[in-house]
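Colleague: Handing you a structure now.
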Amino acid sequence: MNRVFNFSAGPSMLPLPVLEKAAAELVCYGESGMSVMEMSHRSPDYEAIIKKAEADLRKIMQIPDNYKVLFMQGGASTQFACVPMNLIKKTGKADYIVSGQFSGKAFKEAQKYGDVVCVATTKEDNFDHVPVVTKDMIRPDASYVHMCFNNTIYGTKFDYIPDTGDIPLVADMSSCIISEPVDVSKFGVIYAGAQKNMAPAGVTLVIVREDLLGNVLDCTPAMLDWQLMAENDSMYNTPPCYAIYVAGLVYEWIESIGGLDKMKEMNEKKANLLYDYLDSQDYYVAPVKKNSRSMMNVTFVTGDADLDKKFASEAAKAGLKNLKGHRSVGGMRASIYNAMPYEGVAKLVEFMKEFAKNNPKK
Ligand SMILES: *Cc1c(COP(=O)(O)O)cnc(C)c1O
């Protein structure tokens with residue numbers, strides 16, 4: 001077995017103990033005589049798997065009892081439509097914070113369903129930091145405020161939770177979910193596609209405060225109705241069974257290493273190693289403003305597109321894969337989610353030093 005350090009933004013690395021456990025159980029799960037992939041989602045074995053996954057997630061994230069946990073399909077992008085469909089009916093209005101590409105897409109999608117405005121953006125600065133949002137910027141009759149907590153493509157993260165008063169705050173946390181503790185009670189809704197930091201692609205997590213349910217637009221497809229999903233314990237139809245099972249293994253793994261406090265400590269240690277190196281030299285430039293730096297996605301450039309290209313290709317040969325930045329921004333991006341070991345980041349920093357030495361700029 002020769003596993004590489006995979007810096008992909010998503011789908012991305014899963015913890016090795018999780019993959020090994022899934023492999024050991026792949027053909028025959030427990031006493032069931034079959035694979036989890038082959039099980040009826042209504043069987044007692046599977047019921048136990050999904051119930052335990054939810055219970056473990058509630059425990060590690062300390063999700064308050066007045067929040068529902070839903071396992072849905074369609075990725076975070078489907079939630080871009082679910083959010084207005086489930087929440088905008090109250091006043092017909094919603095306010096969006098646009099801090100990168102995904103929040104831009106969410107904003108665009110929501111415009112189909114009501115009076116939707118962008119109240120803050122850092123587009124004019126190429127999204128190199130997150131906007132400052134204060135309560136007075138939000139329309140008092142907005143049904144909700146939408147934000148993206150960690151901007152996967154630009155490598156920025158909110159270093160604060162915007163105060164929206166009584167207006168529910170909805171956060172796309174696809175690329176930072178379960179990377180550190182969050183105060184769930186500060187949000188009306190948190191959602192996340194699984195394939196960045198939680199599980200294989202196919203399942204989308206939605207955590208929604210109960211009082212926000214039951215107000216869907218009439219046009220909402222049943223499959224996108226949070227209330228219906230909640231009433232059916234995410235089993236209105238066949239859920240993405242296997243992806244939920246792997247998510248459950250990931251939650252177990254986080255518990256076993258000491259929960260989200262420990263996870264945060266490990267993630268900070270990795271991110272600091274990389275940012276400290278970036279700050280110590282001038283061959284590479286980290287374009288993100290310091291107070292907006294993401295702990296999960298670290299972006300940097302050499303300032304020379306040909307060198308950037310060479311960097312990504314030589315790094316791949318050295319077992320450091322998928323360091324090319326997003327196609328829309330170029331440069332490099334190291335996605336260092338929960339499953340990336342410290343050694344992977346240490347090896348990357350050593351590689352960066354070598355590369356800078358061997359490729360002097362003209
Ligand atoms: C990847 C990503 C998305 C899109 O997720 P899909 O599951 O592919 O729809 C949305 N938001 C953020 C923050 C992401 O990182």
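Naming scheme: A, B, ... for chains in displayed order of the structure tokens; residues 1 onward per chain; ligands 1 onward as shown.
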List all protein, DNA and RNA residues that have any atom at most 10 Å from ligand 1, counting only C-alpha atoms and all ligand atoms, and write the list as number ranges by chain.
Modeller: A: 9-11, 73-80, 100-106, 147-153, 171-177, 191-197, 201-204, 297
Colleague: What does the file look like for those residues with C-alpha atoms, as a compact mmCIF listing (two decimals), in the first residue's frame?
Modeller:
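Below is the file that was written, result_10.txt:
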# COMPACT_ATOMS: atom_id res chain seq x y z
CA ALA A 9 -10.41 20.18 -1.84
CA GLY A 10 -13.09 17.51 -2.22
CA PRO A 11 -13.69 14.69 -2.42
CA GLN A 73 -28.95 14.11 -0.97
CA GLY A 74 -28.01 16.43 -3.79
CA GLY A 75 -24.93 18.02 -2.24
CA ALA A 76 -24.61 21.46 -0.74
CA SER A 77 -25.65 22.87 -4.13
CA THR A 78 -29.15 21.43 -3.70
CA GLN A 79 -29.35 23.18 -0.34
CA PHE A 80 -28.81 26.46 -2.20
CA GLY A 100 -16.76 33.63 -2.48
CA GLN A 101 -17.94 31.43 -5.29
CA PHE A 102 -20.25 29.10 -3.43
CA SER A 103 -22.04 31.87 -1.55
CA GLY A 104 -22.37 33.62 -4.93
CA LYS A 105 -24.04 30.54 -6.34
CA ALA A 106 -26.32 30.27 -3.31
CA MET A 147 -23.45 32.99 4.66
CA CYS A 148 -20.70 30.53 3.76
CA PHE A 149 -18.48 30.03 6.80
CA ASN A 150 -15.35 28.73 5.11
CA ASN A 151 -14.66 29.68 1.51
CA THR A 152 -13.10 26.58 0.01
CA ILE A 153 -11.84 28.16 -3.20
CA ALA A 171 -24.47 28.82 7.19
CA ASP A 172 -22.94 26.65 4.49
CA MET A 173 -20.21 24.82 6.44
CA SER A 174 -19.33 22.27 3.76
CA SER A 175 -15.57 22.74 4.09
CA CYS A 176 -15.23 23.37 7.83
CA ILE A 177 -17.89 21.16 9.42
CA TYR A 191 -25.65 22.57 6.18
CA ALA A 192 -22.70 20.78 4.63
CA GLY A 193 -21.95 18.49 1.73
CA ALA A 194 -20.08 15.51 3.14
CA GLN A 195 -17.20 15.05 0.74
CA LYS A 196 -14.87 17.70 2.16
CA ASN A 197 -14.52 16.71 5.78
CA ALA A 201 -19.88 12.29 -1.67
CA GLY A 202 -23.59 11.50 -1.63
CA VAL A 203 -24.86 12.68 1.72
CA THR A 204 -25.57 16.25 2.76
CA ASN A 297 -7.86 25.47 2.69
Colleague: What's around A:Ile254 at 12 Å? Count only C-alpha atoms, leave out sequence neighbours fewer than 6 positions away in its own chain, and write the answer as a PDB file with C-alpha atoms, in the first residue's frame.
Modeller:
ATOM      1  CA  LEU A  14     -10.705  10.233   4.898  1.00  0.00           C
ATOM      2  CA  PRO A  15      -9.030   9.114   8.140  1.00  0.00           C
ATOM      3  CA  PRO A  17      -8.651   4.110  10.563  1.00  0.00           C
ATOM      4  CA  VAL A  18     -12.074   4.859   9.035  1.00  0.00           C
ATOM      5  CA  ALA A  53     -24.408   8.263  13.374  1.00  0.00           C
ATOM      6  CA  ASP A  56     -22.569  10.587  17.725  1.00  0.00           C
ATOM      7  CA  LEU A  57     -22.783  13.749  15.633  1.00  0.00           C
ATOM      8  CA  LYS A  59     -22.584  14.460  20.881  1.00  0.00           C
ATOM      9  CA  ILE A  60     -19.432  15.736  19.167  1.00  0.00           C
ATOM     10  CA  MET A  61     -21.095  18.935  17.898  1.00  0.00           C
ATOM     11  CA  ILE A 178     -16.546  19.181  12.404  1.00  0.00           C
ATOM     12  CA  SER A 179     -13.110  20.798  12.115  1.00  0.00           C
ATOM     13  CA  GLU A 180     -13.563  22.621  15.436  1.00  0.00           C
ATOM     14  CA  PRO A 181     -16.345  23.262  17.952  1.00  0.00           C
ATOM     15  CA  ASN A 197     -14.521  16.711   5.781  1.00  0.00           C
ATOM     16  CA  MET A 198     -17.041  14.049   6.661  1.00  0.00           C
ATOM     17  CA  ALA A 247     -19.954   9.497   8.144  1.00  0.00           C
ATOM     18  CA  GLY A 248     -20.828   7.544  11.290  1.00  0.00           C
ATOM     19  CA  LEU A 260     -13.763  18.583  18.420  1.00  0.00           C
ATOM     20  CA  ASP A 261     -11.546  20.409  20.928  1.00  0.00           C
ATOM     21  CA  LYS A 262      -8.761  17.985  20.119  1.00  0.00           C
ATOM     22  CA  MET A 263      -9.609  18.133  16.400  1.00  0.00           C
ATOM     23  CA  LYS A 264      -9.257  21.908  16.497  1.00  0.00           C
ATOM     24  CA  MET A 266      -4.622  19.274  15.607  1.00  0.00           C
ATOM     25  CA  ASN A 338      -9.284  16.639   9.524  1.00  0.00           C
ATOM     26  CA  ALA A 339      -7.876  13.516   7.870  1.00  0.00           C
TER      27      ALA A 339
END
Colleague: I need the residues in stretch 127-323 of chain A that are helix (DSSP H, G or I) according to DSSP; give them as a count of residues only.
Modeller: 72
Colleague: Based on DSSP run over this structure's backbone, return all residues of stretch 299-351 of chain A in strand (DSSP E), as a PyMOL selection string.
Modeller: chain A and resi 299-300+320-321+332-335
Colleague: Output N, CA and C atoms of each residue in that selection to a file, as a tab-separated table (two decimals), in the first residue's frame.
Modeller:
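result21.tsv, freshly written:
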chain	number	residue	atom	x	y	z
A	299	THR	N	-4.26	28.86	0.59
A	299	THR	CA	-3.89	29.22	-0.78
A	299	THR	C	-2.58	30.00	-0.80
A	300	PHE	N	-1.79	29.77	-1.86
A	300	PHE	CA	-0.54	30.52	-2.03
A	300	PHE	C	-0.14	30.51	-3.51
A	320	LEU	N	2.74	14.41	-3.10
A	320	LEU	CA	1.88	15.46	-2.54
A	320	LEU	C	0.91	15.86	-3.65
A	321	LYS	N	-0.26	15.26	-3.63
A	321	LYS	CA	-1.17	15.35	-4.78
A	321	LYS	C	-2.22	16.46	-4.64
A	332	MET	N	-1.79	27.81	-5.98
A	332	MET	CA	-1.86	26.54	-5.27
A	332	MET	C	-2.87	26.62	-4.13
A	333	ARG	N	-3.38	25.45	-3.81
A	333	ARG	CA	-4.26	25.36	-2.64
A	333	ARG	C	-4.00	24.03	-1.96
A	334	ALA	N	-3.67	24.10	-0.69
A	334	ALA	CA	-3.49	22.89	0.11
A	334	ALA	C	-4.72	22.74	1.01
A	335	SER	N	-5.54	21.74	0.71
A	335	SER	CA	-6.68	21.48	1.58
A	335	SER	C	-6.23	20.50	2.65
Colleague: Could you give me, as a PyMOL selection string, the residues within 12 Å of A:Ser280, counting only C-alpha atoms and dropping anything in the same chain fewer than 6 positions from it?
Modeller: chain A and resi 272-274+286+349+353
Colleague: Would you mind reading off the distance between atom CA of A:Pro239 and atom CA of A:Gln227, one decimal, in Å?
Modeller: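 Spanning atom CA of A:Pro239 to atom CA of A:Gln227 is a straight-line distance of 15.7 Å.
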Colleague: For a quick check of understanding, using only C-alpha atoms, which of A:Lys89, A:Leu323, A:Asn291, A:Lys310 has the smallest distance to A:Gly214?
Modeller: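 Under the stated criterion, the closest residue is A:Lys89.
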